[in-house]
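Okay, my_file_36.txt now, which holds compact mmCIF, C-alpha atoms:
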# COMPACT_ATOMS: atom_id res chain seq x y z
CA MET A 1 -64.02 33.05 -76.96
CA LEU A 2 -62.24 34.22 -73.80
CA ARG A 3 -64.61 35.84 -71.26
CA PRO A 4 -62.48 37.93 -68.87
CA SER A 5 -65.29 38.67 -66.37
CA ALA A 6 -66.15 34.99 -65.96
CA LEU A 7 -62.48 34.18 -65.69
CA ARG A 8 -61.93 36.71 -62.89
CA GLN A 9 -65.00 35.40 -61.04
CA LEU A 10 -63.79 31.84 -61.20
CA LEU A 11 -60.28 32.74 -60.06
CA SER A 12 -61.65 34.74 -57.11
CA GLN A 13 -63.84 31.77 -56.10
CA GLY A 14 -60.72 29.65 -55.80
CA THR A 15 -58.87 32.32 -53.77
CA ALA A 16 -60.32 31.63 -50.33
CA GLY A 17 -59.18 30.33 -46.98
CA THR A 18 -55.42 29.89 -46.79
CA ILE A 19 -54.96 30.44 -50.53
CA GLN A 20 -53.21 33.74 -51.17
CA ALA A 21 -53.32 33.99 -54.95
CA THR A 22 -54.52 32.28 -58.08
CA ILE A 23 -52.63 33.01 -61.30
CA LEU A 24 -53.34 32.11 -64.91
CA THR A 25 -50.36 32.36 -67.25
CA THR A 26 -49.31 31.23 -70.68
CA ARG A 27 -46.74 28.45 -70.92
CA SER A 28 -44.09 31.01 -71.86
CA GLY A 29 -44.55 32.98 -68.61
CA GLU A 30 -46.79 35.95 -69.51
CA TYR A 31 -49.63 36.27 -67.03
CA LEU A 32 -53.20 36.46 -68.33
CA ASP A 33 -55.00 37.16 -65.08
CA TYR A 34 -54.46 36.89 -61.35
CA VAL A 35 -56.47 37.31 -58.18
CA LEU A 36 -54.84 38.10 -54.85
CA ARG A 37 -56.66 37.63 -51.54
CA ASN A 38 -55.50 41.08 -50.29
CA ASP A 39 -57.10 42.71 -53.36
CA LEU A 40 -60.37 40.95 -52.62
CA GLN A 41 -60.34 42.22 -49.03
CA ASN A 42 -59.47 45.85 -49.96
CA GLN A 43 -62.00 46.57 -52.69
CA SER A 44 -61.92 50.37 -52.16
CA VAL A 45 -59.43 52.11 -54.47
CA SER A 46 -57.08 54.63 -52.89
CA SER A 47 -53.60 55.89 -53.82
CA SER A 48 -51.90 53.60 -51.28
CA SER A 49 -53.79 50.52 -52.49
CA LEU A 50 -52.86 51.44 -56.07
CA ASN A 51 -49.18 51.48 -55.09
CA GLN A 52 -49.68 48.15 -53.35
CA SER A 53 -51.34 46.67 -56.45
CA GLN A 54 -48.41 47.83 -58.60
CA LYS A 55 -46.02 46.09 -56.20
CA ASN A 56 -48.17 42.95 -56.33
CA GLN A 57 -48.09 43.06 -60.12
CA ILE A 58 -44.29 43.04 -60.05
CA ASN A 59 -44.32 40.11 -57.62
CA VAL A 60 -46.80 38.21 -59.78
CA LYS A 61 -44.68 38.81 -62.89
CA SER A 62 -41.58 37.35 -61.22
CA LEU A 63 -43.64 34.51 -59.75
CA CYS A 64 -44.96 33.68 -63.24
CA ALA A 65 -41.43 33.45 -64.60
CA ILE A 66 -40.41 31.07 -61.79
CA ILE A 67 -43.56 28.94 -62.18
CA CYS A 68 -43.11 28.53 -65.92
CA SER A 69 -39.43 27.68 -65.79
CA VAL A 70 -39.96 25.06 -63.05
CA TYR A 71 -42.94 23.57 -64.88
CA GLN A 72 -41.05 23.39 -68.17
CA SER A 73 -38.13 21.64 -66.43
CA TYR A 74 -40.42 18.85 -65.23
CA GLN A 75 -42.25 18.77 -68.54
CA LYS A 76 -38.90 17.89 -70.17
CA LEU A 77 -38.60 14.92 -67.81
CA SER A 78 -42.01 13.61 -68.86
CA HIS A 79 -40.59 12.89 -72.33
CA ALA A 80 -37.78 10.87 -70.78
CA PHE A 81 -40.16 8.97 -68.51
CA ALA A 82 -42.58 8.44 -71.44
CA ASP A 83 -45.27 9.73 -69.12
CA ILE A 84 -47.61 12.73 -68.81
CA LEU A 85 -47.08 15.39 -66.17
CA ASN A 86 -50.25 16.13 -64.18
CA TYR A 87 -49.15 18.75 -61.67
CA VAL A 88 -46.15 20.04 -59.75
CA ILE A 89 -46.20 21.14 -56.11
CA ILE A 90 -43.39 23.32 -54.74
CA ASP A 91 -43.14 23.45 -50.95
CA CYS A 92 -41.09 26.41 -49.71
CA ASP A 93 -40.87 27.91 -46.22
CA MET A 94 -43.25 30.76 -47.15
CA TYR A 95 -45.57 29.34 -49.78
CA ARG A 96 -46.94 26.15 -51.22
CA LEU A 97 -47.37 26.41 -54.97
CA ALA A 98 -49.42 24.06 -57.10
CA ILE A 99 -48.97 24.26 -60.88
CA ARG A 100 -51.13 22.48 -63.46
CA PRO A 101 -51.51 22.84 -67.22
CA VAL A 102 -54.88 23.84 -68.72
CA GLY A 103 -54.71 23.57 -72.48
CA ASN A 104 -51.98 25.95 -73.60
CA HIS A 105 -51.97 27.77 -70.26
CA LEU A 106 -50.79 27.16 -66.72
CA ILE A 107 -52.83 27.64 -63.60
CA CYS A 108 -51.03 28.24 -60.32
CA ILE A 109 -52.36 28.33 -56.77
CA CYS A 110 -50.20 30.07 -54.21
CA ALA A 111 -51.12 29.02 -50.65
CA ASP A 112 -49.78 29.42 -47.12
CA SER A 113 -47.12 26.95 -46.02
CA ASN A 114 -49.55 25.27 -43.58
CA THR A 115 -52.14 24.41 -46.26
CA GLY A 116 -52.84 20.71 -46.65
CA LEU A 117 -51.43 19.12 -49.79
CA GLY A 118 -54.67 17.20 -50.37
CA ILE A 119 -56.81 20.35 -50.44
CA LEU A 120 -54.25 21.97 -52.75
CA LYS A 121 -54.44 19.01 -55.12
CA LEU A 122 -58.26 19.00 -55.08
CA LYS A 123 -58.46 22.75 -55.66
CA ILE A 124 -56.01 22.80 -58.54
CA ASN A 125 -57.75 19.87 -60.23
CA SER A 126 -61.27 21.30 -59.84
CA LEU A 127 -60.09 24.76 -60.95
CA ALA A 128 -58.44 23.27 -64.02
CA ASP A 129 -61.64 21.37 -64.86
CA SER A 130 -63.78 24.51 -64.57
CA LEU A 131 -61.26 26.67 -66.43
CA SER A 132 -61.10 24.30 -69.35
CA SER A 133 -64.77 25.02 -70.10
CA ILE A 134 -64.20 28.81 -69.89
CA LEU A 135 -61.04 28.76 -71.94
CA ASN A 136 -62.69 26.42 -74.44
CA PHE A 137 -59.60 24.27 -74.58
CA ALA A 138 -59.23 20.58 -74.02
CA ILE A 139 -57.07 19.62 -71.05
CA TYR A 140 -54.00 17.62 -71.90
CA SER A 141 -54.71 14.08 -70.84
CA MET B 142 -24.29 1.25 -43.25
CA LEU B 143 -26.03 4.28 -44.81
CA LYS B 144 -27.00 2.17 -47.81
CA LYS B 145 -28.63 -0.38 -45.49
CA TYR B 146 -30.55 2.38 -43.74
CA LEU B 147 -31.71 3.81 -47.08
CA THR B 148 -32.78 0.34 -48.23
CA SER B 149 -34.81 -0.16 -45.05
CA LEU B 150 -36.45 3.25 -45.61
CA LEU B 151 -37.21 2.32 -49.22
CA GLU B 152 -38.77 -1.00 -48.19
CA SER B 153 -40.90 0.69 -45.52
CA VAL B 154 -43.07 2.42 -48.18
CA ASN B 155 -45.14 0.42 -50.66
CA GLY B 156 -44.66 1.46 -54.29
CA CYS B 157 -41.44 3.38 -53.63
CA SER B 158 -39.05 2.45 -56.47
CA ALA B 159 -35.76 4.18 -55.70
CA ILE B 160 -33.94 6.71 -53.54
CA LEU B 161 -31.03 8.62 -55.03
CA VAL B 162 -28.74 10.95 -53.10
CA TYR B 163 -26.90 13.66 -55.01
CA ASP B 164 -24.46 16.38 -54.11
CA THR B 165 -25.20 19.56 -56.09
CA ASN B 166 -21.48 20.39 -56.22
CA LYS B 167 -20.73 17.07 -57.91
CA GLU B 168 -23.36 16.69 -60.59
CA SER B 169 -22.19 13.57 -62.36
CA ASN B 170 -22.95 10.52 -60.20
CA PRO B 171 -25.18 9.91 -57.18
CA ILE B 172 -23.49 9.45 -53.80
CA PHE B 173 -25.97 6.67 -53.02
CA ARG B 174 -28.45 4.85 -55.17
CA VAL B 175 -30.90 2.41 -53.63
CA GLY B 176 -33.68 0.47 -55.36
CA GLU B 177 -34.40 -0.64 -58.86
CA LEU B 178 -34.88 1.72 -61.76
CA SER B 179 -35.16 0.91 -65.46
CA GLU B 180 -32.33 2.07 -67.73
CA ASN B 181 -34.53 4.75 -69.28
CA GLU B 182 -35.43 6.16 -65.88
CA THR B 183 -31.82 6.11 -64.65
CA ASN B 184 -30.62 7.87 -67.79
CA ALA B 185 -33.45 10.39 -67.58
CA ILE B 186 -32.54 11.30 -63.99
CA LYS B 187 -28.81 11.36 -64.77
CA GLN B 188 -29.29 13.66 -67.75
CA ASN B 189 -31.70 15.94 -65.93
CA ILE B 190 -29.87 16.35 -62.63
CA GLY B 191 -29.05 19.89 -63.78
CA VAL B 192 -32.79 20.47 -64.22
CA PHE B 193 -33.43 19.47 -60.59
CA ASN B 194 -30.68 21.77 -59.36
CA SER B 195 -31.96 24.72 -61.36
CA SER B 196 -35.55 24.12 -60.21
CA ILE B 197 -34.33 23.99 -56.59
CA ASP B 198 -32.49 27.30 -57.16
CA ARG B 199 -35.68 28.85 -58.50
CA ALA B 200 -37.69 27.50 -55.56
CA GLU B 201 -35.01 29.01 -53.30
CA LYS B 202 -35.90 32.44 -54.71
CA LEU B 203 -39.39 31.99 -53.29
CA SER B 204 -38.17 31.21 -49.78
CA LYS B 205 -36.61 33.76 -47.44
CA THR B 206 -34.40 31.38 -45.51
CA GLY B 207 -32.28 28.67 -47.04
CA SER B 208 -34.26 25.95 -45.29
CA SER B 209 -35.19 22.61 -46.81
CA LYS B 210 -37.46 22.59 -49.83
CA THR B 211 -39.62 19.92 -51.37
CA ILE B 212 -40.76 19.62 -54.96
CA MET B 213 -43.34 17.05 -55.97
CA ALA B 214 -44.04 16.19 -59.58
CA ASN B 215 -47.00 13.95 -60.27
CA TYR B 216 -47.01 12.04 -63.56
CA ASN B 217 -49.60 9.55 -64.81
CA ASN B 218 -47.51 6.51 -63.78
CA HIS B 219 -44.80 8.05 -61.60
CA GLN B 220 -44.36 10.31 -58.63
CA LEU B 221 -41.12 12.22 -58.23
CA PHE B 222 -40.10 13.80 -54.92
CA ILE B 223 -37.12 16.08 -54.51
CA PHE B 224 -35.99 16.95 -50.99
CA SER B 225 -33.22 19.48 -50.82
CA LYS B 226 -31.21 20.50 -47.79
CA GLY B 227 -28.02 22.49 -48.26
CA THR B 228 -26.00 20.93 -51.05
CA ILE B 229 -27.51 17.46 -50.60
CA VAL B 230 -30.50 16.47 -52.75
CA PHE B 231 -32.62 13.36 -52.17
CA ILE B 232 -34.62 12.14 -55.16
CA VAL B 233 -37.39 9.63 -54.44
CA VAL B 234 -39.04 7.88 -57.38
CA ALA B 235 -42.33 6.10 -56.72
CA THR B 236 -45.23 4.64 -58.66
CA SER B 237 -48.49 6.57 -58.90
CA GLU B 238 -50.12 4.11 -56.44
CA ALA B 239 -47.62 4.88 -53.65
CA ASN B 240 -48.86 6.75 -50.60
CA THR B 241 -47.77 10.38 -51.02
CA GLY B 242 -48.02 11.14 -47.30
CA SER B 243 -45.77 8.28 -46.24
CA ILE B 244 -43.16 9.28 -48.85
CA LEU B 245 -43.23 12.85 -47.54
CA ASN B 246 -42.78 11.37 -44.07
CA LEU B 247 -39.49 9.83 -45.29
CA LYS B 248 -38.12 13.38 -45.31
CA THR B 249 -37.96 13.39 -41.50
CA TYR B 250 -35.79 10.25 -41.61
CA LEU B 251 -33.63 11.43 -44.54
CA GLU B 252 -32.79 14.91 -43.24
CA PRO B 253 -30.66 13.73 -40.27
CA LEU B 254 -28.41 11.97 -42.81
CA VAL B 255 -27.34 15.29 -44.36
CA GLY B 256 -24.77 16.09 -41.66
CA GLU B 257 -23.22 12.64 -41.90
CA LEU B 258 -23.16 12.74 -45.71
CA LEU B 259 -21.47 16.13 -45.70
CA THR B 260 -18.78 14.99 -43.27
CA THR B 261 -18.05 11.79 -45.24
CA ASN B 262 -17.90 13.89 -48.42
CA THR B 263 -15.43 16.33 -46.92
CA LEU B 264 -13.38 13.40 -45.60
CA ASN B 265 -13.30 11.94 -49.11
CA ASP B 266 -12.30 15.34 -50.42
CA ALA B 267 -9.51 15.57 -47.85
CA THR B 268 -8.15 12.13 -48.76
CA SER B 269 -8.32 12.89 -52.48
CA LEU B 270 -6.59 16.22 -51.85
CA ALA B 271 -3.92 14.46 -49.81
CA GLY B 272 -3.50 11.95 -52.63
CA SER B 273 -3.14 14.68 -55.23
CA LEU B 274 -0.69 16.55 -53.01
CA GLN B 275 1.37 13.35 -52.64
CA ASN B 276 1.38 12.92 -56.41
CA THR B 277 2.49 16.49 -57.01
CA SER B 278 5.24 16.16 -54.36
CA MET B 279 6.46 12.95 -56.05
CA ILE B 280 6.51 14.67 -59.44
CA ALA B 281 8.34 17.62 -57.90
CA ASN B 282 10.88 15.26 -56.28
CA ASN B 283 11.48 13.44 -59.56
CA PHE B 284 11.89 16.74 -61.33
CA TYR B 285 14.31 17.96 -58.66
CA ASN B 286 16.36 14.72 -58.80
CA ASN B 287 16.55 14.88 -62.60
CA GLN B 288 17.67 18.48 -62.41
CA GLN B 289 20.37 17.59 -59.85
CA GLN B 290 21.59 14.64 -61.95
CA SER B 291 21.86 16.74 -65.10
CA PHE B 292 23.64 19.47 -63.10
CA SER B 293 26.20 17.00 -61.68
CA GLN B 294 26.74 15.47 -65.15
CA THR B 295 27.52 18.90 -66.63
CA ASN B 296 29.92 19.55 -63.71
CA ILE B 297 31.74 16.22 -64.34
CA ARG B 298 32.08 17.09 -68.04
CA LYS B 299 33.63 20.42 -67.10
Could you show the structure in this file as structure tokens?
Amino acid sequence: MLRPSALRQLLSQGTAGTIQATILTTRSGEYLDYVLRNDLQNQSVSSSSLNQSQKNQINVKSLCAIICSVYQSYQKLSHAFADILNYVIIDCDMYRLAIRPVGNHLICICADSNTGLGILKLKINSLADSLSSILNFAIYS
Amino acid sequence: MLKKYLTSLLESVNGCSAILVYDTNKESNPIFRVGELSENETNAIKQNIGVFNSSIDRAEKLSKTGSSKTIMANYNNHQLFIFSKGTIVFIVVATSEANTGSILNLKTYLEPLVGELLTTNTLNDATSLAGSLQNTSMIANNFYNNQQQSFSQTNIRK
């Protein structure tokens, strides 16, 4: 069974340091849950922060769509290579995104552009391992 | 000369299988291809070059400026690196044992090539354009000559 409170806790644990957001989506691009670092810092609810959270939600929705389409593109290649895709890292000028499948879902870490790739890889792998127990799904291996 | 340079770059990293250079405007064939790839892998990359381009476009939506972007895909037995700058795309295929950091370091050596590649491409375009213009002018000349001949023949008949 899915436990939303435990899920949120785990995602917020991963969102620390230079990591800006952690997003859990389905493979078709609908987000299940997300934690932003700004939300963690501003816990008090006011009208302005509500507006901000609505804006963030829009950003997360578009981000989810981009993540899923990029991931699915590289998933197609894995058939051709006769290989299994572990994770994808996208390095832009603003963000570094790490995407990894967890069962039927995708987990994405959105970090600053100066975050080390090694720490990103470690975080996404450990988060996927912990999430698999919460989501009660076996990781594709 | 460029091919030699790319080969030396390829040999400088252990486990690096191939470097392919594509122009996003011309999707069909790579401008340069260095290293050995199996037929399956070559076909897979050739068929999915559109996939790379679309994923680069999507990554572009995440970045404010049109600066260079890198996409890394890690498979069980392969590593795929895509460096994009402008219309030129470098695809580096490596084994899973290859050092990721040293392949990412190749980017600093590959990026200066972009300017040169673009100029050679435009030169090729110019020569092909000149060739096509020459062809069309020859066709036009032939057409004009034929027209003149037929005109003179009708005049003689009259």
Exercise. Using all atoms listed in the file, which chain A residues lie at most 6 Å away from chain B, written as a PyMOL selection string?
Worked result: chain A and resi 70+73+80+84-94
Exercise. By how many Å are CA of Glu257 (chain B) and CA of Leu245 (chain B) apart?
Worked result: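 Taking CA of Glu257 (chain B) as the start and CA of Leu245 (chain B) as the end point, the length is 20.8 Å.
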Problem set entry | Spatial sel., origin (-47.5, 37.5, -64.8), limit 6 Å, only C-alpha atoms, listed as an NGL selection string | :A and (30-31 or 60-61 or 64)
Exercise. Which protein, DNA or RNA residues have an atom at most 12 Å from (-58.9, 35.4, -67.6), counting only C-alpha atoms? List them as number ranges by chain.
Worked result: A: 1-12, 22-26, 31-35, 105-107, 131-132, 134-136
Exercise. So which residues touch Ser158 (chain B) within 10 Å, counting all atoms listed in the file, skipping near sequence neighbours fewer than 2 positions away, as a PyMOL selection string?
Worked result: chain B and resi 151-152+154-156+160+175-179+219-220+233-236+239
For Thr249 (chain B), find every residue with an atom within 12 Å (counting all atoms listed in the file), except residues of its own chain fewer than 2 positions away, and show them as an mmCIF file with C-alpha atoms, in the frame of the given file.
data_model
loop_
_atom_site.group_PDB
_atom_site.id
_atom_site.type_symbol
_atom_site.label_atom_id
_atom_site.label_comp_id
_atom_site.auth_asym_id
_atom_site.auth_seq_id
_atom_site.Cartn_x
_atom_site.Cartn_y
_atom_site.Cartn_z
ATOM 1 C CA LEU B 150 -36.450 3.250 -45.610
ATOM 2 C CA SER B 209 -35.190 22.610 -46.810
ATOM 3 C CA THR B 211 -39.620 19.920 -51.370
ATOM 4 C CA PHE B 224 -35.990 16.950 -50.990
ATOM 5 C CA LYS B 226 -31.210 20.500 -47.790
ATOM 6 C CA PHE B 231 -32.620 13.360 -52.170
ATOM 7 C CA GLY B 242 -48.020 11.140 -47.300
ATOM 8 C CA SER B 243 -45.770 8.280 -46.240
ATOM 9 C CA ILE B 244 -43.160 9.280 -48.850
ATOM 10 C CA LEU B 245 -43.230 12.850 -47.540
ATOM 11 C CA ASN B 246 -42.780 11.370 -44.070
ATOM 12 C CA LEU B 247 -39.490 9.830 -45.290
ATOM 13 C CA LEU B 251 -33.630 11.430 -44.540
ATOM 14 C CA GLU B 252 -32.790 14.910 -43.240
ATOM 15 C CA PRO B 253 -30.660 13.730 -40.270
ATOM 16 C CA LEU B 254 -28.410 11.970 -42.810
ATOM 17 C CA VAL B 255 -27.340 15.290 -44.360
#
For this session: Record the distance separating CA of Leu120 (chain A) and CA of Asn38 (chain A), expressed in Å with one decimal.
Result: 19.3 Å
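What separates CA of Val162 (chain B) from CA of Leu117 (chain A) is a distance of 24.3 Å.
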Exercise. With distances taken over all atoms listed in the file, which of A:Phe81, A:Arg27, A:Gly103, A:Arg96 is nearest to Lys121 (chain A)?
Worked result: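 Smallest distance to Lys121 (chain A) is found for A:Arg96.
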Set up a box along x, y and z of the file covering all listed atoms of region 245-250 of chain B, add 6 Å on every one of the six sides, and write the centre and edge lengths in Å to one decimal, as lines of an AutoDock Vina configuration file.
center_x = -39.5
center_y = 11.6
center_z = -44.5
size_x = 19.4
size_y = 15.6
size_z = 18.0
